[in-house]
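K.L.:
input.cif is the file, holding mmCIF, C-alpha atoms:
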```
data_query
#
loop_
_atom_site.label_atom_id
_atom_site.label_comp_id
_atom_site.auth_asym_id
_atom_site.auth_seq_id
_atom_site.Cartn_x
_atom_site.Cartn_y
_atom_site.Cartn_z
CA MET A 1 3.76 113.49 77.69
CA ARG A 2 1.89 113.41 80.94
CA LEU A 3 3.46 113.32 84.42
CA ASN A 4 1.97 112.05 87.63
CA HIS A 5 2.22 114.18 90.76
CA HIS A 6 5.24 112.41 92.24
CA ARG A 7 7.30 112.57 89.07
CA ALA A 8 6.37 116.20 88.42
CA SER A 9 7.31 117.21 91.97
CA GLN A 10 10.73 115.58 91.51
CA LEU A 11 11.35 117.66 88.39
CA LEU A 12 10.50 121.04 89.87
CA SER A 13 14.10 122.06 90.61
CA ALA A 14 15.28 121.08 87.14
CA TYR A 15 12.27 122.93 85.68
CA LEU A 16 13.20 125.97 87.74
CA ASP A 17 16.76 125.79 86.39
CA ARG A 18 15.56 125.29 82.80
CA GLU A 19 17.41 122.01 82.70
CA LEU A 20 14.57 119.92 81.26
CA GLY A 21 13.97 119.00 77.64
CA PRO A 22 11.03 120.58 75.78
CA ALA A 23 8.66 117.63 76.36
CA GLU A 24 9.34 117.46 80.12
CA THR A 25 9.13 121.24 80.42
CA ALA A 26 5.71 121.26 78.78
CA ALA A 27 4.55 118.37 80.95
CA VAL A 28 5.66 120.08 84.19
CA GLN A 29 3.99 123.31 83.06
CA ALA A 30 0.76 121.44 82.42
CA HIS A 31 0.96 119.76 85.82
CA LEU A 32 1.60 123.08 87.58
CA LEU A 33 -1.61 124.49 86.11
CA ASP A 34 -3.56 121.65 87.72
CA CYS A 35 -1.70 121.12 91.01
CA ALA A 36 -1.78 123.76 93.75
CA SER A 37 0.65 121.90 96.03
CA CYS A 38 3.24 121.68 93.25
CA ARG A 39 2.78 125.38 92.56
CA ALA A 40 3.46 126.11 96.23
CA ALA A 41 6.48 123.75 96.23
CA TYR A 42 7.79 125.41 93.07
CA GLU A 43 7.48 128.86 94.65
CA GLY A 44 9.32 127.64 97.75
CA LEU A 45 12.17 126.21 95.68
CA ARG A 46 12.37 129.35 93.58
CA THR A 47 12.60 131.58 96.65
CA THR A 48 15.17 129.29 98.26
CA LYS A 49 17.33 129.39 95.15
CA GLU A 50 16.98 133.16 95.10
CA LEU A 51 18.04 133.48 98.75
CA VAL A 52 21.12 131.27 98.30
CA GLY A 53 21.98 133.05 95.05
CA GLN A 54 22.04 136.38 96.85
CA LEU A 55 24.84 135.38 99.19
CA PRO A 56 27.67 137.84 98.62
CA VAL A 57 30.94 136.67 97.11
CA ALA A 58 33.16 135.88 100.11
CA GLU A 59 36.07 138.27 100.32
CA PRO A 60 39.41 136.51 100.95
CA PRO A 61 41.16 137.67 104.13
CA ALA A 62 44.31 139.78 104.27
CA GLY A 63 47.37 137.77 103.32
CA PHE A 64 45.42 135.32 101.19
CA TRP A 65 46.60 136.65 97.84
CA ALA A 66 50.23 136.85 98.88
CA ALA A 67 50.08 133.27 100.20
CA VAL A 68 48.40 131.94 97.04
CA ARG A 69 50.85 133.74 94.77
CA ALA A 70 53.87 132.39 96.65
CA PRO A 71 52.79 128.89 97.66
CA TRP A 72 56.38 127.76 98.22
CA LEU A 73 56.74 130.05 101.24
CA PRO A 74 56.18 128.53 104.69
CA ARG A 75 52.55 128.76 105.69
CA ARG A 76 50.83 129.42 108.95
CA ALA A 77 50.25 126.48 111.25
CA GLY A 78 46.58 126.11 110.34
CA ALA A 79 47.34 125.30 106.73
CA ALA A 80 49.35 122.30 107.80
CA ARG A 81 46.17 120.80 109.22
CA ILE A 82 44.96 120.04 105.73
CA ARG A 83 48.29 118.79 104.44
CA GLY A 84 48.64 116.85 107.66
CA VAL A 85 45.90 114.47 106.59
CA PHE A 86 48.32 112.44 104.54
CA GLY A 87 50.85 112.35 107.37
CA ARG A 88 48.14 111.28 109.76
CA ARG A 89 47.17 108.46 107.40
CA VAL A 90 50.76 107.22 107.44
CA ALA A 91 50.72 107.37 111.25
CA TRP A 92 47.49 105.35 111.35
CA ALA A 93 48.93 102.81 108.92
CA SER A 94 52.05 102.46 111.12
CA ALA A 95 49.91 102.02 114.22
CA ALA A 96 47.87 99.34 112.43
CA ALA A 97 51.06 97.53 111.41
CA VAL A 98 52.34 97.56 115.02
CA LEU A 99 48.99 96.22 116.23
CA ALA A 100 49.03 93.45 113.61
CA LEU A 101 52.56 92.52 114.69
CA ALA A 102 51.51 92.44 118.34
CA LEU A 103 48.53 90.23 117.50
CA ALA A 104 50.78 87.87 115.54
CA ALA A 105 53.29 87.76 118.41
CA THR A 106 50.67 86.93 121.04
CA PRO A 107 50.44 83.22 120.14
CA LEU A 108 54.25 83.11 120.06
CA VAL A 109 54.49 84.34 123.65
CA LYS A 110 51.53 82.27 124.77
CA GLY A 111 52.89 79.23 122.90
CA THR A 112 56.26 79.59 124.59
CA ILE A 113 54.61 79.66 128.01
CA ASP A 114 52.57 76.59 127.10
CA ARG A 115 55.69 74.76 125.90
CA LEU A 116 57.60 75.53 129.09
CA HIS A 117 54.60 74.34 131.06
CA ALA A 118 54.45 71.14 128.97
CA SER A 119 58.18 70.54 129.43
CA GLU A 120 57.56 70.43 133.18
CA ILE A 121 54.41 68.34 133.33
CA GLY A 122 54.52 66.33 130.07
CA VAL A 123 53.48 62.70 130.47
CA ASP A 124 56.54 61.17 128.80
CA LEU A 125 60.15 62.11 128.20
CA TYR A 126 59.75 62.66 124.43
CA VAL A 127 56.98 65.21 124.93
CA ARG A 128 58.96 66.99 127.66
CA GLN A 129 62.13 67.14 125.53
CA HIS A 130 60.25 68.29 122.46
CA ALA A 131 58.39 70.97 124.37
CA GLN A 132 61.63 72.21 125.91
CA ALA A 133 63.41 72.39 122.54
CA MET A 134 60.50 74.13 120.85
CA GLY A 135 60.21 76.55 123.75
CA ALA A 136 63.79 77.64 123.04
CA GLU A 137 63.24 77.93 119.28
CA PRO A 138 59.53 78.47 118.69
CA PHE A 139 59.83 79.26 114.98
CA THR A 140 61.10 75.73 114.25
CA ASP A 141 57.92 74.29 115.81
CA ARG A 142 55.59 73.12 113.08
CA ALA A 143 52.73 73.40 115.54
CA TYR A 144 53.42 77.16 115.88
CA LEU A 145 51.86 77.75 112.48
CA GLY A 146 48.74 76.08 113.79
CA LEU A 147 48.75 78.37 116.81
CA THR A 148 48.99 81.51 114.71
CA THR A 149 46.15 80.43 112.47
CA GLY A 150 43.94 79.58 115.41
CA ASP A 151 44.16 75.80 115.08
CA ALA A 152 45.03 75.34 118.70
CA ASP A 153 43.87 71.79 119.22
CA LEU A 154 47.42 70.85 120.04
CA VAL A 155 47.72 69.09 123.39
CA LEU A 156 51.26 69.75 124.48
CA SER A 157 50.88 68.13 127.87
CA GLY A 158 49.76 64.87 126.29
CA ASP A 159 46.19 64.86 127.62
CA ALA A 160 43.69 63.63 125.08
CA GLN A 161 41.15 66.33 124.18
CA PRO A 162 38.31 66.18 121.70
CA ALA A 163 38.84 68.23 118.53
CA GLY A 164 37.58 71.80 118.72
CA THR A 165 38.30 72.36 122.41
CA ALA A 166 40.87 74.87 123.58
CA PRO A 167 44.31 73.67 124.65
CA ARG A 168 45.21 73.95 128.25
CA MET B 169 56.01 137.85 90.11
CA ALA B 170 59.17 137.46 92.13
CA ARG B 171 61.56 134.63 91.51
CA PRO B 172 61.20 131.83 94.01
CA ASN B 173 63.66 131.58 96.86
CA ALA B 174 65.94 128.69 97.69
CA SER B 175 63.30 126.85 99.73
CA GLN B 176 61.11 126.46 96.70
CA ALA B 177 60.77 122.78 95.83
CA VAL B 178 60.26 123.33 92.09
CA SER B 179 62.14 125.88 90.02
CA TYR B 180 60.03 127.33 87.24
CA THR B 181 60.89 129.60 84.38
CA THR B 182 59.57 133.14 84.30
CA GLU B 183 56.99 132.07 81.68
CA GLU B 184 55.77 129.24 83.86
CA LEU B 185 55.48 131.52 86.88
CA ALA B 186 53.54 134.01 84.74
CA ARG B 187 51.20 131.16 83.79
CA TYR B 188 50.72 130.29 87.45
CA GLU B 189 49.94 133.93 88.19
CA ALA B 190 47.34 133.94 85.40
CA ILE B 191 45.69 130.84 86.91
CA VAL B 192 45.60 132.53 90.31
CA GLN B 193 44.07 135.65 88.76
CA ARG B 194 41.43 133.68 86.94
CA TYR B 195 40.37 131.15 89.55
CA ALA B 196 41.48 132.07 93.07
CA ARG B 197 38.46 134.20 93.95
CA HIS B 198 36.01 131.51 92.80
CA VAL B 199 37.94 128.78 94.56
CA TYR B 200 37.97 130.81 97.78
CA ASN B 201 34.25 131.54 97.47
CA VAL B 202 33.38 127.87 96.98
CA ALA B 203 35.71 126.89 99.83
CA TYR B 204 34.12 129.49 102.09
CA ARG B 205 30.58 128.37 101.29
CA MET B 206 31.59 124.75 101.87
CA ALA B 207 33.53 125.30 105.10
CA GLY B 208 31.47 128.18 106.46
CA ASN B 209 34.40 129.99 108.01
CA GLU B 210 37.33 132.08 106.90
CA ALA B 211 40.18 130.05 108.42
CA ASP B 212 39.20 126.76 106.80
CA ALA B 213 38.30 128.46 103.50
CA ARG B 214 41.73 130.09 103.35
CA ASP B 215 43.49 126.81 104.14
CA LEU B 216 41.46 124.89 101.56
CA ALA B 217 42.07 127.48 98.84
CA GLN B 218 45.77 127.79 99.62
CA GLU B 219 46.27 124.04 99.61
CA THR B 220 44.38 123.83 96.30
CA PHE B 221 46.72 126.34 94.69
CA LEU B 222 49.77 124.67 96.18
CA ARG B 223 48.71 121.57 94.26
CA VAL B 224 48.25 123.60 91.10
CA TYR B 225 51.70 125.07 91.60
CA ARG B 226 53.32 121.67 92.06
CA ALA B 227 51.58 120.27 88.99
CA LEU B 228 52.08 123.38 86.87
CA ARG B 229 54.12 121.66 84.16
CA ARG B 230 51.38 119.10 83.65
CA VAL B 231 48.71 121.79 83.27
CA GLU B 232 47.96 122.55 79.65
CA PRO B 233 48.08 126.26 78.87
CA ASP B 234 44.59 127.78 78.61
CA ALA B 235 42.88 124.52 79.56
CA PRO B 236 39.79 125.11 81.73
CA LEU B 237 40.69 124.11 85.27
CA GLU B 238 37.39 124.50 87.11
CA SER B 239 36.73 120.81 87.08
CA TRP B 240 40.08 119.93 88.62
CA LEU B 241 40.07 122.80 91.12
CA TYR B 242 36.57 122.17 92.49
CA ARG B 243 37.31 118.49 92.78
CA ILE B 244 40.42 119.28 94.82
CA VAL B 245 38.45 121.65 97.07
CA SER B 246 35.74 119.04 97.52
CA ASN B 247 38.20 116.26 98.36
CA LEU B 248 40.24 118.44 100.71
CA TYR B 249 37.08 119.49 102.50
CA ILE B 250 35.97 115.89 102.95
CA ASP B 251 39.45 115.07 104.30
CA LEU B 252 39.13 117.99 106.68
CA LEU B 253 35.82 116.64 107.96
CA ARG B 254 37.26 113.15 108.37
CA LYS B 255 40.11 114.25 110.56
CA ARG B 256 37.93 116.31 112.83
CA PRO B 257 35.58 115.02 115.46
CA ARG B 258 32.00 115.07 114.24
CA GLY B 259 30.35 118.44 114.56
CA ARG B 260 33.58 120.39 115.00
CA VAL B 261 33.41 121.96 111.55
CA GLU B 262 31.13 124.84 112.16
CA SER B 263 30.68 128.28 110.84
CA LEU B 264 32.66 130.80 112.81
CA ASP B 265 30.70 133.46 111.01
CA ALA B 266 27.30 132.09 111.91
CA PRO B 267 25.47 133.17 115.05
CA VAL B 268 26.16 131.07 118.13
CA ASP B 269 23.20 129.48 119.89
CA THR B 270 23.31 130.18 123.60
CA PRO B 271 20.73 129.67 126.34
CA ARG B 272 20.02 133.39 126.13
CA GLY B 273 19.51 133.39 122.38
CA GLU B 274 21.74 133.90 119.36
CA LEU B 275 25.00 135.80 119.53
CA LEU B 276 26.97 136.99 116.56
CA ARG B 277 30.69 136.25 116.74
CA GLU B 278 31.51 139.09 114.42
CA MET B 279 29.56 142.22 115.09
CA PRO B 280 29.14 144.57 112.14
CA ASP B 281 30.91 147.88 112.25
CA PRO B 282 28.49 150.17 114.10
CA GLY B 283 29.59 153.12 112.01
CA SER B 284 28.28 151.54 108.80
CA SER B 285 25.48 149.35 109.99
CA PRO B 286 22.00 150.61 109.33
CA GLU B 287 19.28 148.16 110.19
CA ALA B 288 19.01 146.82 106.66
CA ILE B 289 22.68 145.86 106.53
CA ILE B 290 22.47 144.06 109.85
CA GLU B 291 19.38 142.21 108.69
CA ARG B 292 21.10 141.24 105.45
CA GLU B 293 24.17 140.01 107.33
CA GLN B 294 22.01 138.01 109.70
CA LEU B 295 20.17 136.49 106.76
CA ASP B 296 23.49 135.61 105.06
CA ALA B 297 24.70 134.00 108.28
CA THR B 298 21.47 132.03 108.55
CA ILE B 299 21.73 130.84 104.94
CA GLN B 300 25.36 129.86 105.50
CA ARG B 301 24.37 127.96 108.61
CA ALA B 302 21.60 126.19 106.67
CA LEU B 303 24.16 125.25 104.00
CA GLY B 304 26.30 123.83 106.78
CA THR B 305 23.56 121.40 107.74
CA LEU B 306 23.68 119.75 104.30
CA SER B 307 25.92 116.78 103.67
CA PRO B 308 29.10 117.77 101.77
CA ASP B 309 27.75 116.10 98.59
CA LEU B 310 24.53 118.11 98.61
CA ARG B 311 26.31 121.28 99.71
CA MET B 312 28.83 121.13 96.89
CA VAL B 313 26.10 120.77 94.28
CA VAL B 314 24.02 123.64 95.63
CA VAL B 315 27.09 125.90 95.97
CA LEU B 316 28.20 125.19 92.41
CA SER B 317 24.68 125.67 91.06
CA ASP B 318 23.10 128.44 93.09
CA VAL B 319 26.15 130.34 94.32
CA GLU B 320 28.53 129.91 91.38
CA GLY B 321 25.87 129.47 88.70
CA TYR B 322 27.15 126.39 86.87
CA SER B 323 24.87 124.22 84.74
CA TYR B 324 23.96 120.65 85.67
CA GLU B 325 26.20 119.35 82.93
CA GLU B 326 29.19 121.32 84.19
CA ILE B 327 28.60 120.22 87.78
CA ALA B 328 28.30 116.59 86.67
CA MET B 329 31.63 116.96 84.88
CA PHE B 330 33.33 118.71 87.84
CA LEU B 331 32.23 116.13 90.37
CA ARG B 332 32.34 113.13 88.04
CA VAL B 333 28.79 112.09 88.82
CA PRO B 334 25.89 111.36 86.44
CA LEU B 335 23.60 114.19 85.40
CA GLY B 336 20.68 112.53 87.18
CA THR B 337 22.66 112.57 90.44
CA VAL B 338 23.21 116.31 90.13
CA LYS B 339 19.50 116.77 89.47
CA SER B 340 18.38 114.73 92.46
CA ARG B 341 21.04 116.12 94.84
CA LEU B 342 20.16 119.68 93.97
CA HIS B 343 16.45 119.07 94.40
CA ARG B 344 17.03 117.38 97.75
CA ALA B 345 19.41 120.15 98.87
CA ARG B 346 16.88 122.87 98.03
CA GLN B 347 14.11 121.04 99.83
CA ILE B 348 16.24 120.83 102.99
CA LEU B 349 17.30 124.46 102.69
CA GLN B 350 13.72 125.54 102.19
CA GLN B 351 12.80 123.73 105.38
CA ARG B 352 15.68 125.29 107.32
CA LEU B 353 15.00 128.77 105.93
CA GLY B 354 11.23 128.44 106.19
CA ARG B 355 10.70 131.76 107.95
CA TYR B 356 12.72 133.70 105.38
CA VAL B 357 11.27 131.86 102.40
CA GLU B 358 7.74 132.58 103.62
CA ALA B 359 8.56 136.23 104.37
CA ARG B 360 10.01 136.73 100.92
CA ARG B 361 7.06 135.05 99.25
CA ARG B 362 4.82 137.49 101.08
CA GLY B 363 6.85 140.39 99.76
CA TRP B 364 9.05 141.17 102.78
CA GLU B 365 12.58 141.98 101.62
CA PRO B 366 15.40 141.60 104.13
#
```
Can you turn what I pasted into structure tokens?
P.N.:
Amino acid sequence: MRLNHHRASQLLSAYLDRELGPAETAAVQAHLLDCASCRAAYEGLRTTKELVGQLPVAEPPAGFWAAVRAPWLPRRAGAARIRGVFGRRVAWASAAAVLALALAATPLVKGTIDRLHASEIGVDLYVRQHAQAMGAEPFTDRAYLGLTTGDADLVLSGDAQPAGTAPR
Amino acid sequence: MARPNASQAVSYTTEELARYEAIVQRYARHVYNVAYRMAGNEADARDLAQETFLRVYRALRRVEPDAPLESWLYRIVSNLYIDLLRKRPRGRVESLDAPVDTPRGELLREMPDPGSSPEAIIEREQLDATIQRALGTLSPDLRMVVVLSDVEGYSYEEIAMFLRVPLGTVKSRLHRARQILQQRLGRYVEARRRGWEP
């Protein structure tokens, strides 16, 4: 098995950790004999691993053991920060629901204003009466569904408009 | 271990509480160490470790006696840490134990006890703080792999199992992590290669 420079350099950490199979190990060894830059890289990785490995074991602070042994006891405020993540998610979900509701209600409010406007300036009596009735009970207006889904080509005031233009 | 008080959500038998105590004895120090090396400061490490064991406590009846729990515990620590990062503004998770960069140079937040601080100890502590700070510059994914491998000494296969990632991912993350650390610790790596021991 023979490795090119790129492949061998990618395997240096695993070689250092003795995590390669026999064939790859032999191939990396052979490459290291030939390649000065890989030898330097290997030395750098080895020293880095050594430095990190010499970090002392972190000593838990006073009170840690008592708190871990009795997890049912109330904890200091800081610990709630981590548990609070779930609560915060619920809060975000509620906020999103309120926003979605507000967005859905916008066409209702806007539609009601448009209907009242149409009931005043509609070109014939039928349109004015219809607009007035639907303004009072917007959810019975079949056109409301169109408003909420963005199909707002409805011309309440009776003016002819080409499809695709916004209602007045 | 004392019997739980009335505020305890779950009531366990004495045997179950003894089992919980055994889990604490066996794993708490390692969990704290990993949490500390991930978070880089004592307050977050303590919170992460305590929350991890609260979850163990709540799930105690579902934990098989004598089953190895490393995989589960390190996954909890890792997920809790990522949650912690998400809920904080970017850059706010920093090492309280690392030196602080100021216009006048680096300041240590925690000064060593002058009564027991010969030069070598101070140098070692500064080096530890620098390594911890370099760890803090890695992404959580890379940091977890290097902590489990180079700090805790787990094999690639174990780390792959703990984190539920393929072996090749462990291999490439660890290599990448060491390359970044080597770059960040360049001065110390070079000094050590030349035979200078901090």
K.L.:
Tell me as a CSV table (one decimal) with C-alpha atoms, in the coordinates of the input which residues belonging to chain A come within 9 Å of chain B, counting all atoms listed in the file.
P.N.:
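Saved the output as out.csv:
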```
chain,number,residue,atom,x,y,z
A,10,GLN,CA,10.7,115.6,91.5
A,11,LEU,CA,11.4,117.7,88.4
A,12,LEU,CA,10.5,121.0,89.9
A,13,SER,CA,14.1,122.1,90.6
A,14,ALA,CA,15.3,121.1,87.1
A,17,ASP,CA,16.8,125.8,86.4
A,19,GLU,CA,17.4,122.0,82.7
A,41,ALA,CA,6.5,123.8,96.2
A,43,GLU,CA,7.5,128.9,94.6
A,44,GLY,CA,9.3,127.6,97.8
A,45,LEU,CA,12.2,126.2,95.7
A,47,THR,CA,12.6,131.6,96.6
A,48,THR,CA,15.2,129.3,98.3
A,49,LYS,CA,17.3,129.4,95.2
A,50,GLU,CA,17.0,133.2,95.1
A,51,LEU,CA,18.0,133.5,98.8
A,52,VAL,CA,21.1,131.3,98.3
A,53,GLY,CA,22.0,133.0,95.0
A,54,GLN,CA,22.0,136.4,96.8
A,55,LEU,CA,24.8,135.4,99.2
A,56,PRO,CA,27.7,137.8,98.6
A,57,VAL,CA,30.9,136.7,97.1
A,58,ALA,CA,33.2,135.9,100.1
A,59,GLU,CA,36.1,138.3,100.3
A,60,PRO,CA,39.4,136.5,101.0
A,61,PRO,CA,41.2,137.7,104.1
A,64,PHE,CA,45.4,135.3,101.2
A,65,TRP,CA,46.6,136.6,97.8
A,67,ALA,CA,50.1,133.3,100.2
A,68,VAL,CA,48.4,131.9,97.0
A,69,ARG,CA,50.8,133.7,94.8
A,70,ALA,CA,53.9,132.4,96.6
A,71,PRO,CA,52.8,128.9,97.7
A,72,TRP,CA,56.4,127.8,98.2
A,73,LEU,CA,56.7,130.0,101.2
A,74,PRO,CA,56.2,128.5,104.7
A,78,GLY,CA,46.6,126.1,110.3
A,79,ALA,CA,47.3,125.3,106.7
A,80,ALA,CA,49.4,122.3,107.8
A,81,ARG,CA,46.2,120.8,109.2
A,82,ILE,CA,45.0,120.0,105.7
A,83,ARG,CA,48.3,118.8,104.4
A,85,VAL,CA,45.9,114.5,106.6
A,88,ARG,CA,48.1,111.3,109.8
```
K.L.:
Which distance in Å separates CA of His130 (chain A) and CA of Lys110 (chain A), to one decimal?
P.N.:
16.6 Å
K.L.:
Please report the interatomic distance between CA of Leu241 (chain B) and CA of Tyr195 (chain B) in Å with one decimal.
P.N.:
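About the pair CA of Leu241 (chain B) and CA of Tyr195 (chain B): they are 8.5 Å apart.
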K.L.:
List as a ChimeraX atom specification the protein and nucleic acid residues near Arg2 (chain A), meaning an atom at most 10 Å away when all atoms listed in the file are counted, but skip any in the same chain fewer than 2 places from it.
P.N.:
/A:4-5,7-8,23-24,26-28,30-31
K.L.:
Mind giving me the straight-line distance from CA of Asp234 (chain B) to CA of Ile327 (chain B) in Å, one decimal?
P.N.:
19.9 Å
K.L.:
Measuring between only C-alpha atoms, which one of A:Leu33, A:Tyr42, A:Gln132, A:Met1 shows the shortest distance to Leu16 (chain A)?
P.N.:
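Comparing A:Leu33, A:Tyr42, A:Gln132, A:Met1 against Leu16 (chain A), the winner is A:Tyr42.
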K.L.:
Once the PyMOL selection byres ((chain B and resi 330) around 9) has been evaluated on this model, what residues remain selected, and can you format them as a PyMOL selection string?
P.N.:
chain B and resi 238-243+325-329+331-333
